[in-house]
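Peer 1: Got a structure for you, written out below as C-alpha cells; questions coming shortly.
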Amino acid sequence: MAVIAMSALVAGCSATVEKSEGARTQRQPVVEVKQGRKPKVGTETVKAKAPKPQASKPTPQEKLLASVRGGSYLDYPQAQAFIAEMKGEGFEEAYLKQVLTEAKRQTSILKAISRPAERRLTWGGYRKIFIEPKRIKQGVKFWQENRDVLAKAEQEYGVPAEIIVAIIGVETRYGRITGSYRVVDALATLGFDYPRRSKFFLGQLKEYLRLVREEQLDFTSLKGSYAGAMGYGQFIPSSYRNFAIDFDKDGKRDIWNNKTDAIGSVANYFAEHKWKPGEPVISAVSFNKAVDESWYSVGRKGLIPKNTLAEWIARGVEPQLALSPQDKAILMRLEIDDDKQYWLGLHNFYVITRYNHSKLYAMAVYRLSQQIKEAYLSAGGQG
Ligand SMILES: [Ca+2]
C-alpha cells in the first residue's frame, strides 16, 4: 500500500500498527497519524517539543534492534508453541519448521515501526497526501474502467461506488503500490522480534498459514505491506479470511490481482461493518454555546459515537444537516494551517474508521470519495 511511500512521508506511521486492532486494519501502514493536539498560547501555536536524544539513553529504535535475538525464527522460544498450535490444526511439523526457517527478518520493518513520532500531521498536512489531482484522476479512471462491477457492488452491498473507489485509491493507488515485503517475512519479523505487538502479529502469521492453505498458495509467494496487508484493498490475513469474496464467481477470491474480487471484498468489508446505505457520513457544525474541550473525539476510543444528536444540540452544537435526534455522533476539530474545521462524525464515519482507526483516514477517504464522484459525474459517468 501507500505504506512505503507513506512511511517516508509520515514519521508517526508506526502508531497505526501500535493502535489498530481492527479487521484489516493492522496493516496499517497506511498512515495512522495522531491528530495534532497543540496547546495554544495567544495566537501562536506552540509546537510539541521532541524529546532530545541523549547519548546515554538508547532510543526506542535502538532498544528494539538491540533486543533482536538473531538467528532463525525456528530457534525462538515462541516457535515451539506456534508449531504445537498449528499442528493441532493439521499442519505438518516439517512444513511449519520450513516456514519458520524460511521467514527472513526484515530489519527495515523494525526500524520503521519503532521510529518515534517526531512529526504529527494535522488534517491540513494529511489531506494533501491523499486528496490530490493525480489520485482523483486515477480514481475517475478506475471507476470508468470498472463501472459495472462497482454498480453491482453498490447494489448488492449498499456501499457507494465512490467510497469503494476512494478506499482503493488511498490504500494502493488502484493497485500500483501494494507492498514489496514477503508477507511471511513481515509477519514473522513483527511476531517474533517486536514484543509489543507479538501476540497480534503471531496471530496474523497463523491466519496467513490458514489462508494460504485454504487458497492453495505458496507461503513464500505473497507480498504486502510491512504489516502484512495485501492486495488492492490491503487486507491483513484475518480480514482476508473473514471478508474477502469471490465477486466474479470464478472459484477463487483474489484481491491481489483481480479487481472485481477486490471491489466486492471492500464492499463486503463495509457491509459487514454495518455501513448504512443512504445515510450521511459527516455534518459540518456551528456552535451557539461555549464548547467544552473534553467533548472532542480523542484517540481510538473517541471514534465510537456515544452521544446522540439530541445531546449535542442541547450542548449548543448545531449540525448543518437535518439529522435524527437519536442518531449518534462524535465531535471533531480538524486543523488546517491556522484554521480549524468542526464536524460531527456519524455512524458511517465510524464504519470507515473500521478500515483504519483514524479520524484523519476516514475524513480523507470520505472527502476524496466526494471529489472523485464530482469529477466522475462531470466527465459524463453515471452515478
Ligand atoms: Ca474470483
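For the C-alpha cells, the naming scheme is as follows: chains receive sequential letters (A, B, ...) according to their order of presentation, residues are indexed from 1 within each chain, and ligands are indexed from 1 in presentation order.
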Could you give me, as CSV, every chain A residue with an atom at most 7 Å from ligand 1, plus its closest atom pair and distance in Å to one decimal, counting only C-alpha atoms and all ligand atoms, rows ordered by chain then number?
Peer 2:
residue,atom,partner,partner_atom_place_in_ligand_line,distance
A:Asp246,CA,ligand 1,1 (Ca),4.1
A:Phe247,CA,ligand 1,1 (Ca),5.6
A:Asp248,CA,ligand 1,1 (Ca),4.7
A:Lys249,CA,ligand 1,1 (Ca),5.2
A:Asp250,CA,ligand 1,1 (Ca),4.7
A:Gly251,CA,ligand 1,1 (Ca),5.8
A:Lys252,CA,ligand 1,1 (Ca),4.3
A:Arg253,CA,ligand 1,1 (Ca),4.4
A:Asp254,CA,ligand 1,1 (Ca),5.5
A:Asn258,CA,ligand 1,1 (Ca),6.7
A:Asp261,CA,ligand 1,1 (Ca),5.3
Peer 1: Which residues of stretch 342-374 of chain A come within 6 Å of stretch 309-331 of chain A, and what is each one's closest atom pair and distance in Å (one decimal), counting only C-alpha atoms, sorted by chain and residue number, as JSON lines?
Peer 2:
{"residue": "A:Trp343", "atom": "CA", "partner": "A:Leu331", "partner_atom": "CA", "distance": 5.9}
{"residue": "A:Leu344", "atom": "CA", "partner": "A:Leu331", "partner_atom": "CA", "distance": 4.7}
{"residue": "A:Gly345", "atom": "CA", "partner": "A:Ile330", "partner_atom": "CA", "distance": 5.1}
{"residue": "A:Leu346", "atom": "CA", "partner": "A:Ala329", "partner_atom": "CA", "distance": 4.6}
Peer 1: Give me a file of those residues, with N, CA and C atoms, as a PDB file, in the first residue's frame.
Peer 2:
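Final file, again07.pdb:
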ATOM      1  N   TRP A 343     -16.690  19.264  12.851  1.00  0.00           N
ATOM      2  CA  TRP A 343     -17.589  18.307  12.210  1.00  0.00           C
ATOM      3  C   TRP A 343     -18.202  17.376  13.247  1.00  0.00           C
ATOM      4  N   LEU A 344     -19.383  16.888  12.896  1.00  0.00           N
ATOM      5  CA  LEU A 344     -19.880  15.701  13.589  1.00  0.00           C
ATOM      6  C   LEU A 344     -19.568  14.499  12.702  1.00  0.00           C
ATOM      7  N   GLY A 345     -19.041  13.462  13.294  1.00  0.00           N
ATOM      8  CA  GLY A 345     -18.819  12.205  12.575  1.00  0.00           C
ATOM      9  C   GLY A 345     -19.934  11.243  12.944  1.00  0.00           C
ATOM     10  N   LEU A 346     -20.665  10.778  11.940  1.00  0.00           N
ATOM     11  CA  LEU A 346     -21.851   9.951  12.173  1.00  0.00           C
ATOM     12  C   LEU A 346     -21.506   8.465  12.063  1.00  0.00           C
TER      13      LEU A 346
END
Peer 1: In Å, with one decimal, what is the gap from atom CA of A:Phe235 to atom CA of A:Leu222?
Peer 2: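 That distance, rounded to one decimal, is 12.3 Å.
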Peer 1: With distances taken over only C-alpha atoms, which of A:Tyr76, A:Phe130, A:Tyr350, A:Phe270 is nearest to A:Ala244?
Peer 2: A:Phe270
Peer 1: Looking only at the backbone, which of the residues in stretch 66-198 of chain A does DSSP tag as alpha helix (DSSP H), as JSON, numbers by chain?
Peer 2: {"A": [66, 67, 77, 78, 79, 80, 81, 82, 83, 84, 85, 86, 87, 93, 94, 95, 96, 97, 98, 99, 100, 101, 102, 107, 108, 109, 110, 111, 112, 113, 123, 124, 125, 126, 127, 128, 129, 130, 133, 134, 135, 136, 137, 138, 139, 140, 141, 142, 143, 144, 145, 147, 148, 149, 150, 151, 152, 153, 154, 155, 156, 157, 161, 162, 163, 164, 165, 166, 167, 168, 169, 170, 171, 172, 183, 184, 185, 186, 187, 188, 189, 190, 191, 192, 193, 198]}
Peer 1: Generate the output file for the selected residues, C-alpha atoms, as a short mmCIF file (atom, residue, chain, number, x, y, z; two decimals), in the first residue's frame.
Peer 2:
data_model
loop_
_atom_site.label_atom_id
_atom_site.label_comp_id
_atom_site.auth_asym_id
_atom_site.auth_seq_id
_atom_site.Cartn_x
_atom_site.Cartn_y
_atom_site.Cartn_z
CA ALA A 66 19.34 -4.48 20.39
CA SER A 67 16.66 -6.84 21.70
CA PRO A 77 11.23 -19.59 22.36
CA GLN A 78 7.76 -18.87 20.94
CA ALA A 79 8.36 -21.18 17.98
CA GLN A 80 7.51 -24.36 19.86
CA ALA A 81 4.09 -23.15 20.98
CA PHE A 82 3.47 -21.83 17.48
CA ILE A 83 4.28 -25.20 15.93
CA ALA A 84 2.26 -27.11 18.52
CA GLU A 85 -0.83 -24.99 17.95
CA MET A 86 -0.66 -25.21 14.19
CA LYS A 87 -0.01 -28.94 14.28
CA GLU A 93 5.54 -30.22 11.52
CA ALA A 94 8.05 -30.26 8.66
CA TYR A 95 6.08 -27.57 6.83
CA LEU A 96 5.88 -25.38 9.93
CA LYS A 97 9.61 -25.73 10.51
CA GLN A 98 10.18 -24.82 6.91
CA VAL A 99 8.05 -21.68 7.33
CA LEU A 100 9.96 -20.54 10.40
CA THR A 101 13.29 -21.27 8.78
CA GLU A 102 12.38 -19.61 5.54
CA THR A 107 15.31 -5.01 9.97
CA SER A 108 13.84 -2.18 7.90
CA ILE A 109 10.41 -3.13 9.25
CA LEU A 110 11.63 -2.97 12.84
CA LYS A 111 13.23 0.37 12.17
CA ALA A 112 10.08 1.74 10.61
CA ILE A 113 7.76 0.50 13.33
CA TRP A 123 -5.66 17.42 8.79
CA GLY A 124 -4.16 20.11 6.58
CA GLY A 125 -0.99 18.09 6.09
CA TYR A 126 -2.70 14.73 5.85
CA ARG A 127 -5.23 15.67 3.21
CA LYS A 128 -2.53 16.93 0.89
CA ILE A 129 -1.12 13.42 0.68
CA PHE A 130 -4.37 11.72 -0.22
CA PRO A 133 -5.42 15.82 -8.52
CA LYS A 134 -3.47 12.74 -9.60
CA ARG A 135 -5.29 10.39 -7.22
CA ILE A 136 -8.65 11.92 -8.16
CA LYS A 137 -7.87 11.40 -11.84
CA GLN A 138 -6.76 7.82 -11.21
CA GLY A 139 -9.95 7.27 -9.23
CA VAL A 140 -12.16 8.51 -12.06
CA LYS A 141 -10.35 6.21 -14.48
CA PHE A 142 -10.69 3.24 -12.14
CA TRP A 143 -14.41 3.96 -11.82
CA GLN A 144 -14.85 4.25 -15.58
CA GLU A 145 -12.97 1.01 -16.20
CA ARG A 147 -18.25 0.84 -13.83
CA ASP A 148 -20.40 -2.27 -13.98
CA VAL A 149 -18.63 -4.08 -11.15
CA LEU A 150 -18.83 -1.01 -8.90
CA ALA A 151 -22.52 -0.58 -9.71
CA LYS A 152 -23.13 -4.25 -8.88
CA ALA A 153 -21.20 -3.95 -5.60
CA GLU A 154 -23.17 -0.85 -4.67
CA GLN A 155 -26.43 -2.58 -5.46
CA GLU A 156 -25.64 -5.78 -3.60
CA TYR A 157 -23.88 -4.33 -0.56
CA ALA A 161 -19.12 3.21 -5.54
CA GLU A 162 -17.24 6.39 -4.63
CA ILE A 163 -16.40 5.03 -1.16
CA ILE A 164 -15.01 1.81 -2.63
CA VAL A 165 -13.05 3.79 -5.22
CA ALA A 166 -11.67 6.14 -2.57
CA ILE A 167 -10.55 3.29 -0.31
CA ILE A 168 -8.66 1.50 -3.08
CA GLY A 169 -7.14 4.83 -4.08
CA VAL A 170 -5.94 5.70 -0.60
CA GLU A 171 -4.68 2.18 0.06
CA THR A 172 -2.77 1.38 -3.11
CA VAL A 183 4.09 -11.41 3.89
CA VAL A 184 5.73 -14.30 5.71
CA ASP A 185 8.79 -12.14 6.45
CA ALA A 186 6.76 -9.15 7.61
CA LEU A 187 4.53 -11.14 9.95
CA ALA A 188 7.35 -13.26 11.37
CA THR A 189 9.55 -10.20 11.92
CA LEU A 190 6.82 -8.39 13.84
CA GLY A 191 5.55 -11.54 15.52
CA PHE A 192 8.91 -12.67 16.86
CA ASP A 193 11.01 -9.52 17.08
CA SER A 198 3.97 -10.03 19.20
#
Peer 1: For each of A:Tyr342, A:Gly224, A:Glu374, A:Gly175, take the minimum atom-to-atom distance to A:Ala284, counting only C-alpha atoms, then give the residue where this is smallest.
Peer 2: A:Tyr342
Peer 1: Could you find all residues in stretch 122-303 of chain A that DSSP calls strand (DSSP E or B) from the backbone, and write them as a list in words?
Peer 2: Tyr181, Arg182, Lys223, Gly224, Met230, Phe235, Ile282, Ser283, Ala284, Val285, Ser286, Phe287 and Tyr296 of chain A
Peer 1: Could you write out the selected residues, including N, CA and C atoms, as an mmCIF file, in the first residue's frame?
Peer 2:
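Saved as part.cif:
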data_model
loop_
_atom_site.group_PDB
_atom_site.id
_atom_site.type_symbol
_atom_site.label_atom_id
_atom_site.label_comp_id
_atom_site.auth_asym_id
_atom_site.auth_seq_id
_atom_site.Cartn_x
_atom_site.Cartn_y
_atom_site.Cartn_z
ATOM 1 N N TYR A 181 7.131 -6.321 0.656
ATOM 2 C CA TYR A 181 7.668 -7.316 1.597
ATOM 3 C C TYR A 181 6.980 -8.659 1.385
ATOM 4 N N ARG A 182 7.731 -9.714 1.514
ATOM 5 C CA ARG A 182 7.063 -11.012 1.565
ATOM 6 C C ARG A 182 6.233 -11.029 2.854
ATOM 7 N N LYS A 223 3.180 -11.020 -1.423
ATOM 8 C CA LYS A 223 3.824 -9.797 -0.940
ATOM 9 C C LYS A 223 2.790 -8.810 -0.413
ATOM 10 N N GLY A 224 3.273 -7.918 0.440
ATOM 11 C CA GLY A 224 2.357 -6.941 1.007
ATOM 12 C C GLY A 224 3.112 -5.845 1.723
ATOM 13 N N MET A 230 -2.364 -6.930 2.237
ATOM 14 C CA MET A 230 -2.182 -7.436 0.871
ATOM 15 C C MET A 230 -3.216 -6.917 -0.123
ATOM 16 N N PHE A 235 -5.728 -5.990 2.707
ATOM 17 C CA PHE A 235 -6.327 -6.794 3.771
ATOM 18 C C PHE A 235 -5.221 -7.559 4.491
ATOM 19 N N ILE A 282 -20.717 12.693 7.559
ATOM 20 C CA ILE A 282 -20.324 13.786 8.460
ATOM 21 C C ILE A 282 -21.317 14.936 8.299
ATOM 22 N N SER A 283 -21.308 15.817 9.260
ATOM 23 C CA SER A 283 -22.042 17.071 9.104
ATOM 24 C C SER A 283 -21.181 18.201 9.663
ATOM 25 N N ALA A 284 -21.111 19.280 8.904
ATOM 26 C CA ALA A 284 -20.469 20.478 9.446
ATOM 27 C C ALA A 284 -21.316 20.989 10.615
ATOM 28 N N VAL A 285 -20.697 21.697 11.542
ATOM 29 C CA VAL A 285 -21.442 22.214 12.694
ATOM 30 C C VAL A 285 -21.058 23.661 12.988
ATOM 31 N N SER A 286 -21.965 24.336 13.644
ATOM 32 C CA SER A 286 -21.614 25.612 14.267
ATOM 33 C C SER A 286 -22.000 25.496 15.741
ATOM 34 N N PHE A 287 -21.638 26.491 16.509
ATOM 35 C CA PHE A 287 -21.862 26.413 17.962
ATOM 36 C C PHE A 287 -22.616 27.648 18.438
ATOM 37 N N TYR A 296 -14.406 16.876 22.439
ATOM 38 C CA TYR A 296 -13.804 16.471 21.170
ATOM 39 C C TYR A 296 -13.320 15.029 21.221
#
Peer 1: For each of A:Thr59, A:Arg241, A:Ile131, A:Phe219, take the minimum atom-to-atom distance to A:Tyr361, counting only C-alpha atoms, then give the residue where this is smallest.
Peer 2: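 For A:Tyr361, the nearest of the given residues is A:Ile131.
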Peer 1: Between A:Ile352, A:Ile304, A:Ala262, A:Leu360, which has the minimum distance to A:Lys276 (counting only C-alpha atoms)?
Peer 2: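 Of A:Ile352, A:Ile304, A:Ala262, A:Leu360, the one nearest A:Lys276 is A:Ile352, counting only C-alpha atoms.
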Peer 1: Can you tell me which residues surround A:Ser238 at a distance of at most 9 Å, considering only C-alpha atoms, apart from same-chain residues fewer than 3 positions away, and format the answer as a list in words?
Peer 2: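 Neighbouring residues, sequence-local ones excluded: Ala23, Arg24, Gly203, Gln204, Glu207, Tyr208, Leu211, Phe235, Arg241, Asn242 and Phe243 of chain A.
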Peer 1: Could you tell me how far atom CA of A:Trp295 lies from atom CA of A:Ala364, in Å and to one decimal?
Peer 2: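 Rounded to one decimal, the two atoms are 22.0 Å apart.
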Peer 1: For a test of reading the model, state the distance in Å between atom CA of A:Ala267 and atom CA of A:Gln234, rounded to one decimal.
Peer 2: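 Computed distance, atom CA of A:Ala267 to atom CA of A:Gln234, equals 13.4 Å.
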Peer 1: Pick the closest to A:Glu279 from A:Thr308, A:Asn348, A:Thr260, A:Ser297: which is it, counting only C-alpha atoms?
Peer 2: A:Asn348
